[in-house]
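Engineer: Structure supplied as work.cif; contents: mmCIF, C-alpha atoms.
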```
data_query
loop_
_atom_site.group_PDB
_atom_site.id
_atom_site.type_symbol
_atom_site.label_atom_id
_atom_site.label_comp_id
_atom_site.auth_asym_id
_atom_site.auth_seq_id
_atom_site.Cartn_x
_atom_site.Cartn_y
_atom_site.Cartn_z
ATOM 1 C CA MET G 54 57.488 105.126 98.364
ATOM 2 C CA SER G 55 59.141 103.936 101.576
ATOM 3 C CA PHE G 56 57.768 100.804 103.226
ATOM 4 C CA TRP G 57 57.162 101.225 106.949
ATOM 5 C CA ILE G 58 56.140 98.802 109.679
ATOM 6 C CA ASP G 59 54.263 100.380 112.581
ATOM 7 C CA THR G 60 55.403 98.036 115.337
ATOM 8 C CA HIS G 61 52.871 99.332 117.870
ATOM 9 C CA CYS G 62 49.409 100.499 116.875
ATOM 10 C CA HIS G 63 46.108 100.158 118.774
ATOM 11 C CA LEU G 64 43.726 100.061 115.825
ATOM 12 C CA ASP G 65 41.030 98.690 118.113
ATOM 13 C CA ALA G 66 40.995 101.833 120.289
ATOM 14 C CA PRO G 67 37.658 103.668 120.582
ATOM 15 C CA GLU G 68 39.196 106.823 119.088
ATOM 16 C CA LEU G 69 39.789 104.994 115.808
ATOM 17 C CA ALA G 70 36.676 102.818 115.775
ATOM 18 C CA PRO G 71 34.334 105.129 113.807
ATOM 19 C CA ASP G 72 36.473 104.983 110.650
ATOM 20 C CA VAL G 73 39.117 102.363 111.310
ATOM 21 C CA ASP G 74 39.022 100.991 107.744
ATOM 22 C CA ALA G 75 39.685 104.448 106.324
ATOM 23 C CA VAL G 76 42.410 105.053 108.928
ATOM 24 C CA ARG G 77 44.195 101.865 107.922
ATOM 25 C CA GLU G 78 43.841 102.584 104.203
ATOM 26 C CA HIS G 79 45.206 106.109 104.664
ATOM 27 C CA ALA G 80 48.235 104.647 106.420
ATOM 28 C CA ARG G 81 48.730 102.156 103.610
ATOM 29 C CA GLN G 82 48.614 104.927 101.026
ATOM 30 C CA ALA G 83 51.209 106.829 103.085
ATOM 31 C CA GLY G 84 53.574 103.849 102.929
ATOM 32 C CA VAL G 85 52.747 101.980 106.156
ATOM 33 C CA GLY G 86 52.589 98.501 104.747
ATOM 34 C CA HIS G 87 52.116 96.645 108.016
ATOM 35 C CA CYS G 88 50.868 97.321 111.553
ATOM 36 C CA VAL G 89 51.389 95.243 114.685
ATOM 37 C CA LEU G 90 48.346 95.403 116.956
ATOM 38 C CA PRO G 91 49.086 94.600 120.609
ATOM 39 C CA ALA G 92 46.258 93.683 122.958
ATOM 40 C CA VAL G 93 45.899 95.206 126.417
ATOM 41 C CA GLU G 94 43.345 92.955 128.158
ATOM 42 C CA ARG G 95 41.295 89.806 127.662
ATOM 43 C CA ALA G 96 38.333 91.854 126.407
ATOM 44 C CA ASN G 97 40.181 92.973 123.273
ATOM 45 C CA TRP G 98 42.041 89.810 122.272
ATOM 46 C CA ASN G 99 39.451 88.955 119.644
ATOM 47 C CA ASP G 100 39.317 92.567 118.431
ATOM 48 C CA VAL G 101 43.022 92.813 117.630
ATOM 49 C CA ARG G 102 42.975 89.386 116.008
ATOM 50 C CA ARG G 103 39.974 90.297 113.862
ATOM 51 C CA LEU G 104 41.463 93.595 112.752
ATOM 52 C CA ALA G 105 44.803 91.998 111.947
ATOM 53 C CA HIS G 106 43.122 89.423 109.738
ATOM 54 C CA GLN G 107 40.850 92.017 108.176
ATOM 55 C CA HIS G 108 43.663 94.361 107.160
ATOM 56 C CA GLY G 109 46.525 91.969 106.522
ATOM 57 C CA ASP G 110 48.354 93.001 109.674
ATOM 58 C CA SER G 111 49.561 91.083 112.753
ATOM 59 C CA TYR G 112 48.753 91.038 116.464
ATOM 60 C CA ALA G 113 49.998 90.218 119.945
ATOM 61 C CA LEU G 114 48.046 88.869 122.897
ATOM 62 C CA GLY G 115 48.698 89.933 126.454
ATOM 63 C CA ILE G 116 47.631 91.874 129.546
ATOM 64 C CA HIS G 117 48.916 95.447 129.863
ATOM 65 C CA PRO G 118 50.173 96.526 133.302
ATOM 66 C CA LEU G 119 47.548 99.290 133.497
ATOM 67 C CA TYR G 120 44.872 96.601 133.211
ATOM 68 C CA THR G 121 46.218 94.223 135.843
ATOM 69 C CA GLY G 122 44.030 95.788 138.519
ATOM 70 C CA ASN G 123 40.893 94.780 136.636
ATOM 71 C CA ALA G 124 42.206 91.461 135.365
ATOM 72 C CA ALA G 125 41.003 88.270 137.008
ATOM 73 C CA ASP G 126 43.554 85.830 138.337
ATOM 74 C CA GLY G 127 42.264 83.317 135.819
ATOM 75 C CA ASP G 128 43.060 85.600 132.878
ATOM 76 C CA LEU G 129 46.602 84.262 132.767
ATOM 77 C CA GLU G 130 45.292 80.753 132.196
ATOM 78 C CA LEU G 131 42.895 82.104 129.572
ATOM 79 C CA LEU G 132 45.842 83.798 127.890
ATOM 80 C CA ALA G 133 47.696 80.493 127.852
ATOM 81 C CA GLN G 134 44.648 78.870 126.271
ATOM 82 C CA ALA G 135 44.373 81.620 123.642
ATOM 83 C CA LEU G 136 48.059 81.312 122.761
ATOM 84 C CA GLU G 137 47.636 77.570 122.422
ATOM 85 C CA GLN G 138 44.466 77.913 120.353
ATOM 86 C CA HIS G 139 46.045 80.373 117.915
ATOM 87 C CA ARG G 140 49.637 79.170 117.943
ATOM 88 C CA GLU G 141 49.354 78.172 114.269
ATOM 89 C CA ASP G 142 47.919 81.553 113.292
ATOM 90 C CA PRO G 143 50.719 83.230 111.299
ATOM 91 C CA ARG G 144 49.432 86.665 112.293
ATOM 92 C CA LEU G 145 50.084 86.028 115.998
ATOM 93 C CA VAL G 146 53.609 87.425 116.326
ATOM 94 C CA ALA G 147 54.206 88.189 120.019
ATOM 95 C CA VAL G 148 52.984 88.247 123.599
ATOM 96 C CA GLY G 149 52.058 91.824 124.423
ATOM 97 C CA GLU G 150 51.531 94.430 125.451
ATOM 98 C CA ILE G 151 53.015 93.442 128.795
ATOM 99 C CA GLY G 152 55.342 95.112 131.261
ATOM 100 C CA LEU G 153 55.440 97.413 134.270
ATOM 101 C CA ASP G 154 54.258 100.974 134.861
ATOM 102 C CA TYR G 155 55.510 102.894 137.889
ATOM 103 C CA PHE G 156 54.213 106.249 136.664
ATOM 104 C CA VAL G 157 50.426 105.880 136.942
ATOM 105 C CA PRO G 158 49.332 106.042 140.602
ATOM 106 C CA GLY G 159 47.120 103.471 142.243
ATOM 107 C CA LEU G 160 48.545 100.332 140.630
ATOM 108 C CA ASP G 161 49.652 97.388 142.763
ATOM 109 C CA PRO G 162 53.354 96.830 142.013
ATOM 110 C CA ALA G 163 53.312 93.238 143.216
ATOM 111 C CA ARG G 164 50.326 92.371 141.040
ATOM 112 C CA GLN G 165 51.929 94.030 138.030
ATOM 113 C CA GLU G 166 55.125 92.059 138.555
ATOM 114 C CA HIS G 167 53.220 88.800 138.949
ATOM 115 C CA PHE G 168 51.417 89.304 135.647
ATOM 116 C CA TYR G 169 54.647 90.415 133.973
ATOM 117 C CA ARG G 170 56.689 87.405 135.001
ATOM 118 C CA GLU G 171 53.930 84.926 134.255
ATOM 119 C CA GLN G 172 53.506 86.388 130.779
ATOM 120 C CA LEU G 173 57.253 86.210 130.194
ATOM 121 C CA ARG G 174 57.016 82.515 131.025
ATOM 122 C CA LEU G 175 54.137 82.096 128.588
ATOM 123 C CA ALA G 176 56.143 83.806 125.863
ATOM 124 C CA ARG G 177 59.028 81.418 126.459
ATOM 125 C CA ARG G 178 56.674 78.440 126.546
ATOM 126 C CA PHE G 179 55.139 79.341 123.181
ATOM 127 C CA GLY G 180 58.357 80.525 121.575
ATOM 128 C CA LEU G 181 57.168 84.090 121.013
ATOM 129 C CA PRO G 182 58.860 87.468 121.445
ATOM 130 C CA VAL G 183 57.418 90.043 123.826
ATOM 131 C CA ILE G 184 56.285 93.636 123.354
ATOM 132 C CA LEU G 185 57.126 95.540 126.522
ATOM 133 C CA HIS G 186 55.488 98.563 128.119
ATOM 134 C CA VAL G 187 58.332 100.513 129.745
ATOM 135 C CA ARG G 188 57.444 103.485 131.930
ATOM 136 C CA ARG G 189 59.748 104.295 134.841
ATOM 137 C CA SER G 190 60.314 100.560 135.074
ATOM 138 C CA ALA G 191 63.279 99.684 132.866
ATOM 139 C CA ASP G 192 65.459 98.204 135.592
ATOM 140 C CA ARG G 193 62.703 95.971 136.971
ATOM 141 C CA LEU G 194 61.789 94.836 133.470
ATOM 142 C CA LEU G 195 65.410 93.952 132.811
ATOM 143 C CA LYS G 196 65.531 92.011 136.083
ATOM 144 C CA GLY G 197 62.569 89.926 134.944
ATOM 145 C CA LEU G 198 64.161 89.277 131.557
ATOM 146 C CA ARG G 199 67.342 88.049 133.227
ATOM 147 C CA GLU G 200 65.301 85.716 135.418
ATOM 148 C CA VAL G 201 63.171 84.353 132.564
ATOM 149 C CA GLN G 202 65.924 83.970 130.023
ATOM 150 C CA GLY G 203 65.852 83.353 126.304
ATOM 151 C CA LEU G 204 63.385 86.072 125.307
ATOM 152 C CA SER G 205 63.635 88.914 122.830
ATOM 153 C CA GLY G 206 61.258 91.461 121.314
ATOM 154 C CA ILE G 207 60.615 95.190 121.475
ATOM 155 C CA ALA G 208 60.852 97.679 124.323
ATOM 156 C CA HIS G 209 57.999 99.900 123.174
ATOM 157 C CA ALA G 210 58.143 103.712 123.533
ATOM 158 C CA PHE G 211 61.544 103.479 125.131
ATOM 159 C CA ASN G 212 62.543 106.556 127.118
ATOM 160 C CA GLY G 213 65.168 105.368 129.584
ATOM 161 C CA SER G 214 68.849 106.033 129.951
ATOM 162 C CA ALA G 215 71.576 105.110 127.502
ATOM 163 C CA GLN G 216 72.754 102.432 129.922
ATOM 164 C CA GLN G 217 69.284 100.920 130.165
ATOM 165 C CA ALA G 218 68.925 101.052 126.399
ATOM 166 C CA GLN G 219 72.182 99.157 125.984
ATOM 167 C CA ALA G 220 71.043 96.567 128.525
ATOM 168 C CA PHE G 221 67.904 95.851 126.488
ATOM 169 C CA VAL G 222 69.957 95.694 123.303
ATOM 170 C CA ASP G 223 72.412 93.286 124.928
ATOM 171 C CA LEU G 224 69.475 90.999 125.723
ATOM 172 C CA GLY G 225 68.419 91.025 122.061
ATOM 173 C CA PHE G 226 65.697 93.658 122.171
ATOM 174 C CA LYS G 227 64.880 96.414 119.708
ATOM 175 C CA LEU G 228 63.752 99.820 120.968
ATOM 176 C CA GLY G 229 60.559 101.493 119.723
ATOM 177 C CA PHE G 230 60.600 105.187 118.749
ATOM 178 C CA GLY G 231 57.463 107.158 117.948
ATOM 179 C CA GLY G 232 55.770 110.496 118.415
ATOM 180 C CA ALA G 233 57.659 111.516 121.553
ATOM 181 C CA VAL G 234 60.897 111.845 119.587
ATOM 182 C CA THR G 235 59.398 114.675 117.512
ATOM 183 C CA TYR G 236 59.389 117.102 120.460
ATOM 184 C CA ASP G 237 62.335 119.496 120.600
ATOM 185 C CA ARG G 238 62.305 119.367 124.393
ATOM 186 C CA ALA G 239 62.722 115.552 124.437
ATOM 187 C CA LEU G 240 66.494 115.989 124.565
ATOM 188 C CA GLN G 241 67.439 112.637 126.108
ATOM 189 C CA LEU G 242 65.155 110.693 123.793
ATOM 190 C CA ARG G 243 66.461 112.517 120.732
ATOM 191 C CA ARG G 244 70.034 111.790 121.808
ATOM 192 C CA LEU G 245 69.156 108.108 122.055
ATOM 193 C CA ALA G 246 67.527 108.150 118.631
ATOM 194 C CA THR G 247 70.687 109.741 117.251
ATOM 195 C CA GLN G 248 73.414 107.798 119.060
ATOM 196 C CA LEU G 249 72.085 104.264 119.501
ATOM 197 C CA PRO G 250 73.174 101.701 116.928
ATOM 198 C CA LEU G 251 70.824 101.862 113.975
ATOM 199 C CA ALA G 252 70.333 98.104 114.199
ATOM 200 C CA CYS G 253 68.324 98.436 117.417
ATOM 201 C CA LEU G 254 65.681 100.986 116.273
ATOM 202 C CA VAL G 255 62.138 100.164 115.232
ATOM 203 C CA MET G 256 59.415 102.674 114.437
ATOM 204 C CA GLU G 257 55.946 102.950 115.944
ATOM 205 C CA THR G 258 53.069 105.362 116.477
ATOM 206 C CA ASP G 259 51.312 103.853 119.535
ATOM 207 C CA SER G 260 48.263 105.402 117.897
ATOM 208 C CA PRO G 261 45.999 106.849 119.067
ATOM 209 C CA ASP G 262 48.360 107.571 121.998
ATOM 210 C CA ILE G 263 51.619 109.610 122.071
ATOM 211 C CA PRO G 264 50.779 112.073 119.284
ATOM 212 C CA PRO G 265 53.680 113.744 117.460
ATOM 213 C CA HIS G 266 54.222 117.432 118.144
ATOM 214 C CA TRP G 267 52.245 118.626 115.105
ATOM 215 C CA LEU G 268 49.089 117.008 116.491
ATOM 216 C CA TYR G 269 49.496 117.996 120.119
ATOM 217 C CA ALA G 270 47.467 120.837 121.579
ATOM 218 C CA THR G 271 48.200 122.171 125.049
ATOM 219 C CA ALA G 272 45.407 122.678 127.562
ATOM 220 C CA ALA G 273 45.477 126.402 126.827
ATOM 221 C CA GLU G 274 45.284 125.801 123.090
ATOM 222 C CA ARG G 275 42.384 123.394 123.506
ATOM 223 C CA GLU G 276 40.604 125.953 125.673
ATOM 224 C CA ALA G 277 41.138 128.510 122.905
ATOM 225 C CA GLY G 278 39.454 126.204 120.424
ATOM 226 C CA ARG G 279 42.309 124.275 118.835
ATOM 227 C CA PRO G 280 41.352 120.580 118.793
ATOM 228 C CA GLN G 281 43.756 117.853 119.754
ATOM 229 C CA GLY G 282 44.866 116.055 116.625
ATOM 230 C CA ARG G 283 44.213 112.338 116.319
ATOM 231 C CA ASN G 284 47.286 110.147 116.098
ATOM 232 C CA THR G 285 46.963 107.384 113.495
ATOM 233 C CA PRO G 286 49.422 104.949 111.872
ATOM 234 C CA GLY G 287 49.502 107.252 108.861
ATOM 235 C CA GLU G 288 51.725 109.600 110.898
ATOM 236 C CA LEU G 289 54.582 107.098 110.937
ATOM 237 C CA PRO G 290 56.390 108.287 107.770
ATOM 238 C CA ARG G 291 56.513 111.856 109.072
ATOM 239 C CA ILE G 292 57.819 110.629 112.445
ATOM 240 C CA GLY G 293 60.395 108.680 110.480
ATOM 241 C CA GLU G 294 61.438 111.879 108.714
ATOM 242 C CA VAL G 295 62.279 113.410 112.101
ATOM 243 C CA VAL G 296 64.405 110.432 113.140
ATOM 244 C CA ALA G 297 66.119 110.311 109.753
ATOM 245 C CA GLU G 298 66.981 113.999 110.031
ATOM 246 C CA LEU G 299 68.354 113.526 113.546
ATOM 247 C CA ARG G 300 70.584 110.731 112.289
ATOM 248 C CA GLY G 301 71.616 112.486 109.095
ATOM 249 C CA MET G 302 70.318 109.763 106.803
ATOM 250 C CA THR G 303 67.684 109.470 104.118
ATOM 251 C CA VAL G 304 64.122 108.600 104.976
ATOM 252 C CA GLN G 305 64.278 105.668 102.554
ATOM 253 C CA ALA G 306 67.320 104.261 104.311
ATOM 254 C CA LEU G 307 65.659 104.546 107.723
ATOM 255 C CA ALA G 308 62.515 102.866 106.422
ATOM 256 C CA GLU G 309 64.549 99.965 105.059
ATOM 257 C CA VAL G 310 66.623 99.494 108.190
ATOM 258 C CA SER G 311 63.727 99.873 110.628
ATOM 259 C CA THR G 312 61.698 97.365 108.613
ATOM 260 C CA ALA G 313 64.576 94.893 108.712
ATOM 261 C CA ASN G 314 64.898 95.466 112.459
ATOM 262 C CA ALA G 315 61.172 94.812 112.954
ATOM 263 C CA LEU G 316 61.486 91.537 111.070
ATOM 264 C CA ALA G 317 64.394 90.560 113.303
ATOM 265 C CA ALA G 318 62.490 91.456 116.474
ATOM 266 C CA LEU G 319 59.288 89.676 115.398
ATOM 267 C CA PRO G 320 60.378 86.754 113.183
ATOM 268 C CA ARG G 321 56.832 85.731 112.272
ATOM 269 C CA LEU G 322 56.452 88.971 110.294
ATOM 270 C CA ALA G 323 58.764 87.894 107.490
ATOM 271 C CA PRO G 324 56.518 85.150 106.057
ATOM 272 C CA LEU G 325 53.566 87.557 106.130
ATOM 273 C CA LEU G 326 55.466 90.116 104.089
ATOM 274 C CA ARG G 327 56.672 87.486 101.638
ATOM 275 C CA ALA G 328 53.071 86.356 101.203
ATOM 276 C CA GLY G 329 51.994 89.887 100.353
ATOM 277 C CA GLN G 330 50.109 90.452 103.633
ATOM 278 C CA ALA G 331 46.761 89.786 102.024
ATOM 279 C CA PRO G 332 43.833 89.898 104.441
ATOM 280 C CA SER G 333 42.656 86.473 105.523
ATOM 281 C CA PRO G 334 39.992 85.084 103.182
ATOM 282 C CA SER G 335 37.820 84.099 106.100
ATOM 283 C CA PHE G 336 37.816 84.918 109.778
ATOM 284 C CA THR G 337 35.804 83.708 112.706
ATOM 285 C CA ASP G 338 35.887 84.717 116.360
ATOM 286 C CA SER G 339 36.271 81.122 117.426
#
```
For the file at hand, write its structure as structure tokens.

Structural biologist:
Amino acid sequence: MSFWIDTHCHLDAPELAPDVDAVREHARQAGVGHCVLPAVERANWNDVRRLAHQHGDSYALGIHPLYTGNAADGDLELLAQALEQHREDPRLVAVGEIGLDYFVPGLDPARQEHFYREQLRLARRFGLPVILHVRRSADRLLKGLREVQGLSGIAHAFNGSAQQAQAFVDLGFKLGFGGAVTYDRALQLRRLATQLPLACLVMETDSPDIPPHWLYATAAEREAGRPQGRNTPGELPRIGEVVAELRGMTVQALAEVSTANALAALPRLAPLLRAGQAPSPSFTDS
């Protein structure tokens, strides 16, 4: 069975909470050997850390751009304290999910950019990669990365231009591909998944968000009684099949390369995999 790393999975989301242990075990049985759990706000830092320890996975700490409006100014200092407190935790692999979002209305661009740049500086200070939220914001994200130099990581759910993709790659970033690439109408994204160097691709589900096409129900379909399917990390191998087919390669080969790329993007993953990813024998919320 192929070994997959889901480089972006919100196991702590309310949609997965009722049966999260079963969700994670199903993914493991499907071949998803490891999940990276990015935080989105101070309120869920302990949740992602607990789940990562419980299931033998890893986590990132950060403040998502969609949550900057509710974040307190002091949350950046609290993030610095959390990164310091857990810097020896081998399951802490990145600062994230951070970035910019110019698609959702009502967000303060200046506040987003302040939180983004300050979190880039924290990542550099603690020697961690970053997991970036990129939505209609690639150029501004790249500007920040050129100002706060020396960082690498993953541009999650990338859906920009080929030129923007190459700019991230030139800065040492991998690009995350997930459920969106399974849609026939996603022509630009599918071209990127086909034409970009294989060495820059990592796989993700962003579960429970961005469901693949076989789970998606339109508004009309939902009104007619078809439920929206729930996206879970167990969908990753099937998403990988789509990407492998687009690239004309075997699923096993894609799994191997994307896993190697994930290890390169998030260097702290490698020791976890060598150690067998066993859940932590004890965990406290301290």

Engineer: Starting from the displayed file, determine the output of the PyMOL selection byres ((chain G and resi 233) around 9) and express the residue list as a VMD selection string.

Structural biologist: chain G and resid 210 212 230 to 232 234 to 236 239 242 to 243 263 to 266

Engineer: If the PyMOL selection byres ((chain G and resi 60-62) around 7) is run on the structure shown, which residues does it catch, given as a VMD selection string?

Structural biologist: chain G and resid 58 to 59 63 to 64 88 to 91 256 to 260 286

Engineer: Using C-alpha atoms, can you write the selected residues to a file as an mmCIF file, in the frame of the given file?

Structural biologist:
```cif
data_model
loop_
_atom_site.group_PDB
_atom_site.id
_atom_site.type_symbol
_atom_site.label_atom_id
_atom_site.label_comp_id
_atom_site.auth_asym_id
_atom_site.auth_seq_id
_atom_site.Cartn_x
_atom_site.Cartn_y
_atom_site.Cartn_z
ATOM 1 C CA ILE G 58 56.140 98.802 109.679
ATOM 2 C CA ASP G 59 54.263 100.380 112.581
ATOM 3 C CA HIS G 63 46.108 100.158 118.774
ATOM 4 C CA LEU G 64 43.726 100.061 115.825
ATOM 5 C CA CYS G 88 50.868 97.321 111.553
ATOM 6 C CA VAL G 89 51.389 95.243 114.685
ATOM 7 C CA LEU G 90 48.346 95.403 116.956
ATOM 8 C CA PRO G 91 49.086 94.600 120.609
ATOM 9 C CA MET G 256 59.415 102.674 114.437
ATOM 10 C CA GLU G 257 55.946 102.950 115.944
ATOM 11 C CA THR G 258 53.069 105.362 116.477
ATOM 12 C CA ASP G 259 51.312 103.853 119.535
ATOM 13 C CA SER G 260 48.263 105.402 117.897
ATOM 14 C CA PRO G 286 49.422 104.949 111.872
#
```

Engineer: G:Leu129: which residues within 8 Å, counting all atoms listed in the file, same-chain residues fewer than 6 positions away excluded, as a short mmCIF file (atom, residue, chain, number, x, y, z; two decimals) with C-alpha atoms, in the coordinates of the input?

Structural biologist:
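That gives us selection_15.cif:
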```cif
data_model
loop_
_atom_site.label_atom_id
_atom_site.label_comp_id
_atom_site.auth_asym_id
_atom_site.auth_seq_id
_atom_site.Cartn_x
_atom_site.Cartn_y
_atom_site.Cartn_z
CA PHE G 168 51.42 89.30 135.65
CA GLU G 171 53.93 84.93 134.26
CA GLN G 172 53.51 86.39 130.78
#
```

Engineer: So the first atom is atom CA of G:Ala317 and the second is atom CA of G:Val146; what is the distance between them in Å, to one decimal place?

Structural biologist: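 If I compute the distance from atom CA of G:Ala317 to atom CA of G:Val146, I get 11.6 Å.
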
Engineer: I need the residue nearest G:His167 from this list: G:Leu316, G:Ala66, G:Cys253, G:Leu194. Use all atoms listed in the file for the distance.

Structural biologist: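 With all atoms listed in the file as the atom set, the closest residue is G:Leu194.
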
Engineer: Determine the residue set returned by the PyMOL selection byres ((chain G and resi 112) around 8) for the present structure, and present it as a ChimeraX atom specification.

Structural biologist: /G:89-92,101-102,105,110-111,113-114,144-147

Engineer: Excluding G:Glu137 and its own-chain neighbours fewer than 5 positions away, which residues fall within 10 Å of it when counting only C-alpha atoms? Please give them as a ChimeraX atom specification.

Structural biologist: /G:131-132,142,178-179

Engineer: Please compute the atom CA of G:Arg283-atom CA of G:Pro261 distance, one decimal, in Å.

Structural biologist: 6.4 Å

Engineer: With only C-alpha atoms counted, which protein, DNA or RNA residues have an atom no more than 8 Å from (47.5, 96.3, 128.9) in the file frame? Please answer as a list of chain:residue names.

Structural biologist: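 The residues that fall inside the cut-off are G:Ala92, G:Val93, G:Glu94, G:Gly115, G:Ile116, G:His117, G:Pro118, G:Leu119, G:Tyr120, G:Thr121, G:Gly149, G:Glu150, G:Ile151.
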
Engineer: Applying 12 Å and all atoms listed in the file, which residues near G:Ala306 remain after dropping the ones on its own chain fewer than 2 positions away? List them as a list in words.

Structural biologist: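 The residues satisfying every condition are Met54, Ser55, Phe56, Trp57, Leu251, Gly293, Glu294, Val296, Ala297, Glu298, Arg300, Gly301, Met302, Thr303, Val304, Ala308, Glu309, Val310, Ser311, Thr312 and Ala313 of chain G.
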
Engineer: Nearest to G:Leu195: which of G:Leu136, G:Leu307, G:Leu224, G:Leu268 is it, counting all atoms listed in the file?

Structural biologist: G:Leu224
